[in-house]
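First the structure, in the form of structure tokens, and then the observations on it.
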Amino acid sequence: MAGSGKSDTARLGIKMSQELVVGVISAVLFLVFSATLNNFLSQGNILAILKNVSILGTLAVGMGFIVVGRGIDLTMVAVMVVGVAFSIWISTWGVDFTLAVVFGAILVAAIGLFTGVMVAVAEIPPIFATLAIASSVYGSGRIVFASDVLYAPSGIGWLKFVGNGTIFGIPMSVIIFAAVAALMGFFLRKTRFGRLVYATGDNPNAARTTGLPTRPIIVTQYVISALIAYTAGIIMLGLVTGIDTRLYNSSLIYDVLLVVVLGGIGLSGGQGGVRNVIVGTILVGILTNGMTILNFSYTSQNLIKSVILLGALAIDAIINPRDEQTSQSGDI
Amino acid sequence: MKLFKNCLFVGMTALTLLGAAKITTAQETDQVGRSTYLEALKGKKVIFVPISQGMDLNQAWVVVWQRHAARYGFTLEVRDPSGDTNAGIRAMQGAIAEKPDLIIVQNPDVQTYARLLKQAQAAGIKVLQVNMQSATQTDSYVGNDWIEMGRLEMGELAKHCTGPNAVSHKVVWLAGVQTGAANIYMRTGIDEVLKANPELQLVSDQPADYMSEKARQITETVLQQHPDLCGIMGIWDNAEVGAGAAVAAAGKQDQVTIVTNGAGSATGCESIKNGLLDVIFNFNAPIQAEIAAQQISELLQQSGRQAGSEKTIFFGPITRVDKANATGRNCWKLDELK
């Protein structure tokens with residue numbers, strides 16, 4: 001529980017509370033659904049919930065990492081679909097698929113590097129830089145691949161394992177999500193680089209004045225988030241055998257951002273961690289699963305989802321009223 | 001004498017042949033009505049506003065229409081909003097402002113372009129709608145009979161999921177976009193079948209938004225609730241592979257019948273062969289495109305006819321494709337159409 005922000009108990013309080021509020025709402029929903037819905041509490045359904053949020057959660061870990069450093073990465077979905085589509089596309093020339101996936105990773109890292117340079121060196125505000133880059137990445141992909149939906153070649157053993165394999169009964173997609181989250185948690189908490197990310201996010205100018213290498217830190221962040229997005233894309237490819245580039249046009253990127261903010265990572269940077277992302281992901285997972293079981297219509301699902309999310313933010317605002325510091329650091 | 005006779009015969013035959021050849025060439029240069037036809041189509045401008053050109057059916061249509069345009073001298077411009085409805089509205093507004101001779105449109109839903117289509121016809125531009133209709137009826141619609149499609153798909157499930165041998169009577173409708181024409185009309189057809197087969201139990205009716213991952217998630221959740229599920233019907237083969245993946249992951253491929261529709265591209269046939277899908281009601285996009293090409297010709301020829309004065313509808317063919325006939329023309333590849 002503890003371990004972060006030891007020097008700043010006030011901020012620790014805010015973070016804990018938002019996380020707690022969301023955690024409590026998740027717990028309440030979980031209890032209500034367990035009591036009222038058949039099979040909700042079954043092992044199969046719990047695994048289904050986790051499996052269904054593994055892609056969203058993986059993306060949110062990457063986004064959370066960027067937001068902690070006071071950035072935002074709207075390229076994630078574009079990078080995910082174009083990176084994976086690129087690897088499928090080059091495999092159709094006869095390149096071995098596994099090698100093609102490596103090439104895809106290299107392309108994705110290069111895009112992340114470019115985004116990082118635009119943000120850190122050219123100093124374009126991340127929201128605009130990533131919005132523009134997302135659009136160009138998706139656009140270039142559309143021109144090159146022609147088709148929206150690209151299918152992986154059949155008979156790739158490891159890809160099937162990513163989609164359908166289990167270890168001790170836990171689906172691989174959930175294990176990959178857990179591994180990415182655990183690695184990121186360790187990275188943020190235990191490494192010097194991780195602490196520098198917090199310092200940069202908390203106050204970039206102070207960090208730079210103190211002599212921290214803020215630019216390399218920011219560039220590295222975007223490369224890592226691009227690679228995490230690519231990982232999420234590979235999970236999806238394993239699960240459904242194809243990648244649909246139209247996902248770029250869906251609300252996925254906002255869902256990812258929502259999970260991050262809902263979990264309690266402030267957009268002003270410097271606070272929160274992987275645990276917040278997990279709490280937010282689990283709430284969205286439980287909600288979606290319960291409403292799908294109840295067979296709510298699409299419109300009422302959206303309505304209920306937004307009311308609960310708004311409720312969580314409102315409760316947080318009442319418990320943690322704005323003070324001078326939070327209003328100065330600013331939100332988007 | 002015989003020699004003379006033979007010579008005469010050969011000579012006359014040669015003359016007749018020559019004459020006939022001359023007449024034939026004269027006729028070839030002027031096939032009845034051809035020059036009028038060419039004149040009517042030449043230099044005309046047609047603009048197509050699709051939902052997204054990245055979809056298999058759209059690619060097939062445009063390949064066929066471009067060939068038609070190149071052969072008969074009109075131009076076909078594709079203004080691709082790439083699945084973005086706002087960009088689609090701008091594309092439509094731009095197209096109307098340019099005053100082409102014909103606008104072809106694939107509507108994202110029944111409302112978005114409804115007023116724009118009226119405006120286009122008021123401005124004297126003829127409008128051909130393909131496969132996805134608007135609430136506004138225009139000069140022509142070429143595409144699916146979606147009510148029939150809903151009836152066929154649910155009818156297929158009724159075959160498997162009623163009677164004493166059925167696993168259960170539970171079926172799922174994985175919708176697309178709820179405001180889309182295909183969705184609305186298919187639902188009417190589905191309801192007819194459900195009414196005729198009261199034992200069928202529709203346990204889930206959720207939109208997968210034409211996305212395979214969403215279809216997979218819904219199917220996985222529903223399978224947890226209804227492990228004895230009998231059938232799933234959907235709206236696009238490329239999305240329902242996600243449902244197929246969830247069923248395969250649960251090891252229930254023999255139990256759950258998955259029925260959907262599609263443009264008839266080879267990827268759909270692959271999905272049948274891989275066991276991800278059981279039946280695709282194939283609306284053969286290349287044939288749809290040929291019917292639409294005929295409509296393009298007709299609308300361009302009738303230059304005197306006022307836009308929107310007559311309204312016609314052409315439903316394309318629908319073929320039931322399963323493992324037995326997932327070959328040949330039922331599985332086209334884009335390169336083969338070119």
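By order of appearance in the structure tokens: chains A, B, ..., then residues from 1 within every chain, and ligands from 1 in the order shown.
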
(request) Output the contact residues of chain B with respect to chain A at a cut-off of 8 Å, based on only C-alpha atoms, as number ranges by chain. (result) B: 53-56, 83-84, 203-207, 211-213, 216-218, 220-222, 224-225, 238, 241-242, 245, 249

Write out the residues from the selection above, keeping C-alpha atoms, as a PDB file, in the first residue's frame.
ATOM      1  CA  GLN B  53     -13.273   1.790 -48.393  1.00  0.00           C
ATOM      2  CA  GLY B  54     -11.343  -0.656 -46.245  1.00  0.00           C
ATOM      3  CA  MET B  55     -14.222  -3.152 -46.227  1.00  0.00           C
ATOM      4  CA  ASP B  56     -14.188  -6.121 -48.591  1.00  0.00           C
ATOM      5  CA  GLY B  83     -15.640   5.117 -41.013  1.00  0.00           C
ATOM      6  CA  ASP B  84     -15.852   8.652 -39.595  1.00  0.00           C
ATOM      7  CA  VAL B 203     -30.988 -14.744 -24.699  1.00  0.00           C
ATOM      8  CA  SER B 204     -28.804 -11.863 -25.839  1.00  0.00           C
ATOM      9  CA  ASP B 205     -29.183  -8.964 -28.241  1.00  0.00           C
ATOM     10  CA  GLN B 206     -26.055  -6.817 -28.081  1.00  0.00           C
ATOM     11  CA  PRO B 207     -24.308  -4.735 -30.746  1.00  0.00           C
ATOM     12  CA  MET B 211     -15.788  -5.468 -34.386  1.00  0.00           C
ATOM     13  CA  SER B 212     -14.468  -8.982 -33.924  1.00  0.00           C
ATOM     14  CA  GLU B 213     -13.024  -8.366 -30.443  1.00  0.00           C
ATOM     15  CA  ARG B 216     -15.682 -12.228 -28.918  1.00  0.00           C
ATOM     16  CA  GLN B 217     -16.204 -10.519 -25.557  1.00  0.00           C
ATOM     17  CA  ILE B 218     -20.002 -10.648 -25.750  1.00  0.00           C
ATOM     18  CA  GLU B 220     -17.566 -15.296 -24.095  1.00  0.00           C
ATOM     19  CA  THR B 221     -19.749 -13.634 -21.439  1.00  0.00           C
ATOM     20  CA  VAL B 222     -22.965 -15.112 -22.835  1.00  0.00           C
ATOM     21  CA  GLN B 224     -20.672 -18.384 -19.287  1.00  0.00           C
ATOM     22  CA  GLN B 225     -24.322 -17.656 -18.596  1.00  0.00           C
ATOM     23  CA  ASN B 238     -15.374 -10.377 -40.480  1.00  0.00           C
ATOM     24  CA  VAL B 241     -14.979 -14.612 -36.464  1.00  0.00           C
ATOM     25  CA  GLY B 242     -14.644 -13.145 -32.946  1.00  0.00           C
ATOM     26  CA  ALA B 245     -13.030 -17.644 -31.589  1.00  0.00           C
ATOM     27  CA  ALA B 249     -11.947 -21.365 -26.991  1.00  0.00           C
TER      28      ALA B 249
END

(message) List the spatial neighbours of A:Ile308 as a PyMOL selection string - criterion: any atom at most 12 Å away, only C-alpha atoms, same-chain residues fewer than 4 positions off excluded.
(response) chain A and resi 21-22+25-26+28-29+262+283-284+287-288+301-304+312-315

(message) I'd like the contact shell of stretch 317-328 of chain B - 12 Å cut-off, only C-alpha atoms, skipping same-chain residues fewer than 2 positions apart - returned as a VMD selection string.
(response) chain B and resid 142 to 146 148 to 150 152 to 153 155 to 156 237 257 to 291 314 to 315 330 to 333 336

(request) Step one, run DSSP on the backbone; step two, keep only residues of stretch 203-272 of chain B assigned to strand (DSSP E or B); then write them as a ChimeraX atom specification. (result) /B:203-207,231-233,257-262,265

(request) Write out as a list in words which residues come within 7 Å of stretch 28-41 of chain B when counting only C-alpha atoms, dropping same-chain ones fewer than 6 positions away. (result) Tyr72, Gly73, Phe74, Leu300 and Gln301 of chain B

(request) Quick one: pull the distance between atom CA of B:Ser52 and atom CA of B:Pro81, Å, one decimal. (result) 6.2 Å

(request) From a DSSP pass on the backbone, collect the residues of stretch 1-177 of chain A flagged as alpha helix (DSSP H) and hand them back as number ranges by chain. (result) A: 9-36, 43-68, 76-91, 97-120, 126-145, 157-164, 172-177

So that I have them on file, write out the residues from the current selection with C-alpha atoms, as a compact mmCIF listing (two decimals), in the first residue's frame.
# COMPACT_ATOMS: atom_id res chain seq x y z
CA THR A 9 1.18 12.82 2.71
CA ALA A 10 -1.49 15.17 1.34
CA ARG A 11 -1.09 13.84 -2.20
CA LEU A 12 -0.96 10.30 -0.90
CA GLY A 13 -4.35 10.96 0.74
CA ILE A 14 -5.96 12.14 -2.50
CA LYS A 15 -4.64 9.23 -4.47
CA MET A 16 -5.71 6.66 -1.93
CA SER A 17 -9.19 8.05 -1.66
CA GLN A 18 -10.04 8.10 -5.33
CA GLU A 19 -8.66 4.61 -5.62
CA LEU A 20 -10.65 3.56 -2.57
CA VAL A 21 -13.90 5.06 -3.87
CA VAL A 22 -13.55 3.18 -7.14
CA GLY A 23 -12.49 0.06 -5.28
CA VAL A 24 -15.54 0.24 -3.03
CA ILE A 25 -17.88 0.80 -6.00
CA SER A 26 -16.33 -2.22 -7.72
CA ALA A 27 -16.80 -4.31 -4.59
CA VAL A 28 -20.43 -3.24 -4.21
CA LEU A 29 -21.18 -3.99 -7.86
CA PHE A 30 -19.43 -7.32 -7.54
CA LEU A 31 -21.54 -8.26 -4.53
CA VAL A 32 -24.80 -7.10 -6.15
CA PHE A 33 -24.08 -9.00 -9.38
CA SER A 34 -22.98 -12.09 -7.46
CA ALA A 35 -26.18 -12.08 -5.49
CA THR A 36 -28.52 -11.41 -8.38
CA GLN A 43 -14.70 -19.33 -11.99
CA GLY A 44 -15.34 -19.23 -15.73
CA ASN A 45 -17.06 -15.87 -15.57
CA ILE A 46 -14.39 -14.31 -13.36
CA LEU A 47 -11.78 -15.42 -15.88
CA ALA A 48 -13.97 -14.08 -18.70
CA ILE A 49 -14.08 -10.67 -16.98
CA LEU A 50 -10.30 -10.60 -16.72
CA LYS A 51 -9.83 -11.87 -20.26
CA ASN A 52 -12.22 -9.26 -21.63
CA VAL A 53 -10.35 -6.38 -20.00
CA SER A 54 -6.84 -7.67 -20.70
CA ILE A 55 -6.45 -5.53 -23.83
CA LEU A 56 -7.99 -2.43 -22.26
CA GLY A 57 -5.93 -2.96 -19.11
CA THR A 58 -2.66 -3.45 -20.99
CA LEU A 59 -3.25 -0.25 -22.97
CA ALA A 60 -4.17 1.57 -19.75
CA VAL A 61 -0.90 0.53 -18.10
CA GLY A 62 0.97 2.21 -20.97
CA MET A 63 -1.25 5.28 -20.84
CA GLY A 64 -0.92 5.50 -17.06
CA PHE A 65 2.87 5.45 -17.41
CA ILE A 66 2.71 8.42 -19.78
CA VAL A 67 0.18 10.34 -17.67
CA VAL A 68 2.33 9.93 -14.56
CA MET A 76 -1.75 4.14 -28.64
CA VAL A 77 -4.70 2.65 -30.53
CA ALA A 78 -3.36 3.82 -33.90
CA VAL A 79 0.07 2.38 -33.10
CA MET A 80 -1.50 -0.87 -31.91
CA VAL A 81 -3.57 -1.51 -35.03
CA VAL A 82 -1.03 -0.22 -37.55
CA GLY A 83 1.91 -2.01 -35.89
CA VAL A 84 0.15 -5.37 -35.90
CA ALA A 85 -1.33 -4.84 -39.37
CA PHE A 86 2.17 -3.98 -40.61
CA SER A 87 3.60 -7.24 -39.33
CA ILE A 88 0.77 -9.21 -40.98
CA TRP A 89 1.27 -7.26 -44.19
CA ILE A 90 4.99 -8.02 -44.46
CA SER A 91 4.33 -11.66 -43.60
CA PHE A 97 5.55 -14.36 -39.25
CA THR A 98 7.59 -14.37 -36.04
CA LEU A 99 10.26 -12.28 -37.75
CA ALA A 100 7.52 -10.02 -39.12
CA VAL A 101 6.31 -9.44 -35.57
CA VAL A 102 9.83 -8.34 -34.63
CA PHE A 103 9.85 -5.91 -37.57
CA GLY A 104 6.47 -4.63 -36.40
CA ALA A 105 7.95 -3.99 -32.96
CA ILE A 106 10.84 -2.07 -34.52
CA LEU A 107 8.43 0.09 -36.53
CA VAL A 108 6.31 0.74 -33.44
CA ALA A 109 9.37 1.68 -31.38
CA ALA A 110 10.43 4.08 -34.14
CA ILE A 111 6.98 5.73 -34.08
CA GLY A 112 7.23 6.02 -30.29
CA LEU A 113 10.67 7.55 -30.65
CA PHE A 114 9.36 10.09 -33.13
CA THR A 115 6.43 10.98 -30.85
CA GLY A 116 8.80 11.32 -27.90
CA VAL A 117 11.10 13.64 -29.84
CA MET A 118 8.15 15.77 -30.94
CA VAL A 119 7.01 16.12 -27.34
CA ALA A 120 10.33 16.36 -25.55
CA PRO A 126 1.59 16.06 -26.00
CA ILE A 127 -2.18 16.21 -26.56
CA PHE A 128 -1.70 17.92 -29.95
CA ALA A 129 1.44 16.06 -30.96
CA THR A 130 -0.05 12.65 -30.27
CA LEU A 131 -3.42 13.53 -31.80
CA ALA A 132 -1.73 14.54 -35.04
CA ILE A 133 0.68 11.60 -35.06
CA ALA A 134 -2.16 9.15 -34.35
CA SER A 135 -4.01 10.43 -37.37
CA SER A 136 -0.95 10.24 -39.64
CA VAL A 137 -0.01 6.77 -38.45
CA TYR A 138 -3.53 5.46 -39.06
CA GLY A 139 -3.76 7.28 -42.40
CA SER A 140 -0.47 5.88 -43.67
CA GLY A 141 -1.56 2.44 -42.56
CA ARG A 142 -4.83 2.74 -44.44
CA ILE A 143 -3.05 3.72 -47.64
CA VAL A 144 -0.54 0.89 -47.41
CA PHE A 145 -2.78 -1.98 -46.27
CA GLY A 157 1.70 -22.05 -32.71
CA TRP A 158 2.75 -19.32 -30.30
CA LEU A 159 0.02 -16.97 -31.50
CA LYS A 160 -2.62 -19.64 -30.86
CA PHE A 161 -1.13 -20.08 -27.41
CA VAL A 162 -1.45 -16.33 -26.74
CA GLY A 163 -5.11 -16.54 -27.74
CA ASN A 164 -6.25 -19.83 -26.26
CA MET A 172 -2.48 -16.23 -21.48
CA SER A 173 -4.03 -12.85 -22.29
CA VAL A 174 -4.59 -12.27 -18.56
CA ILE A 175 -1.07 -13.45 -17.76
CA ILE A 176 0.42 -11.06 -20.31
CA PHE A 177 -1.63 -8.17 -18.87
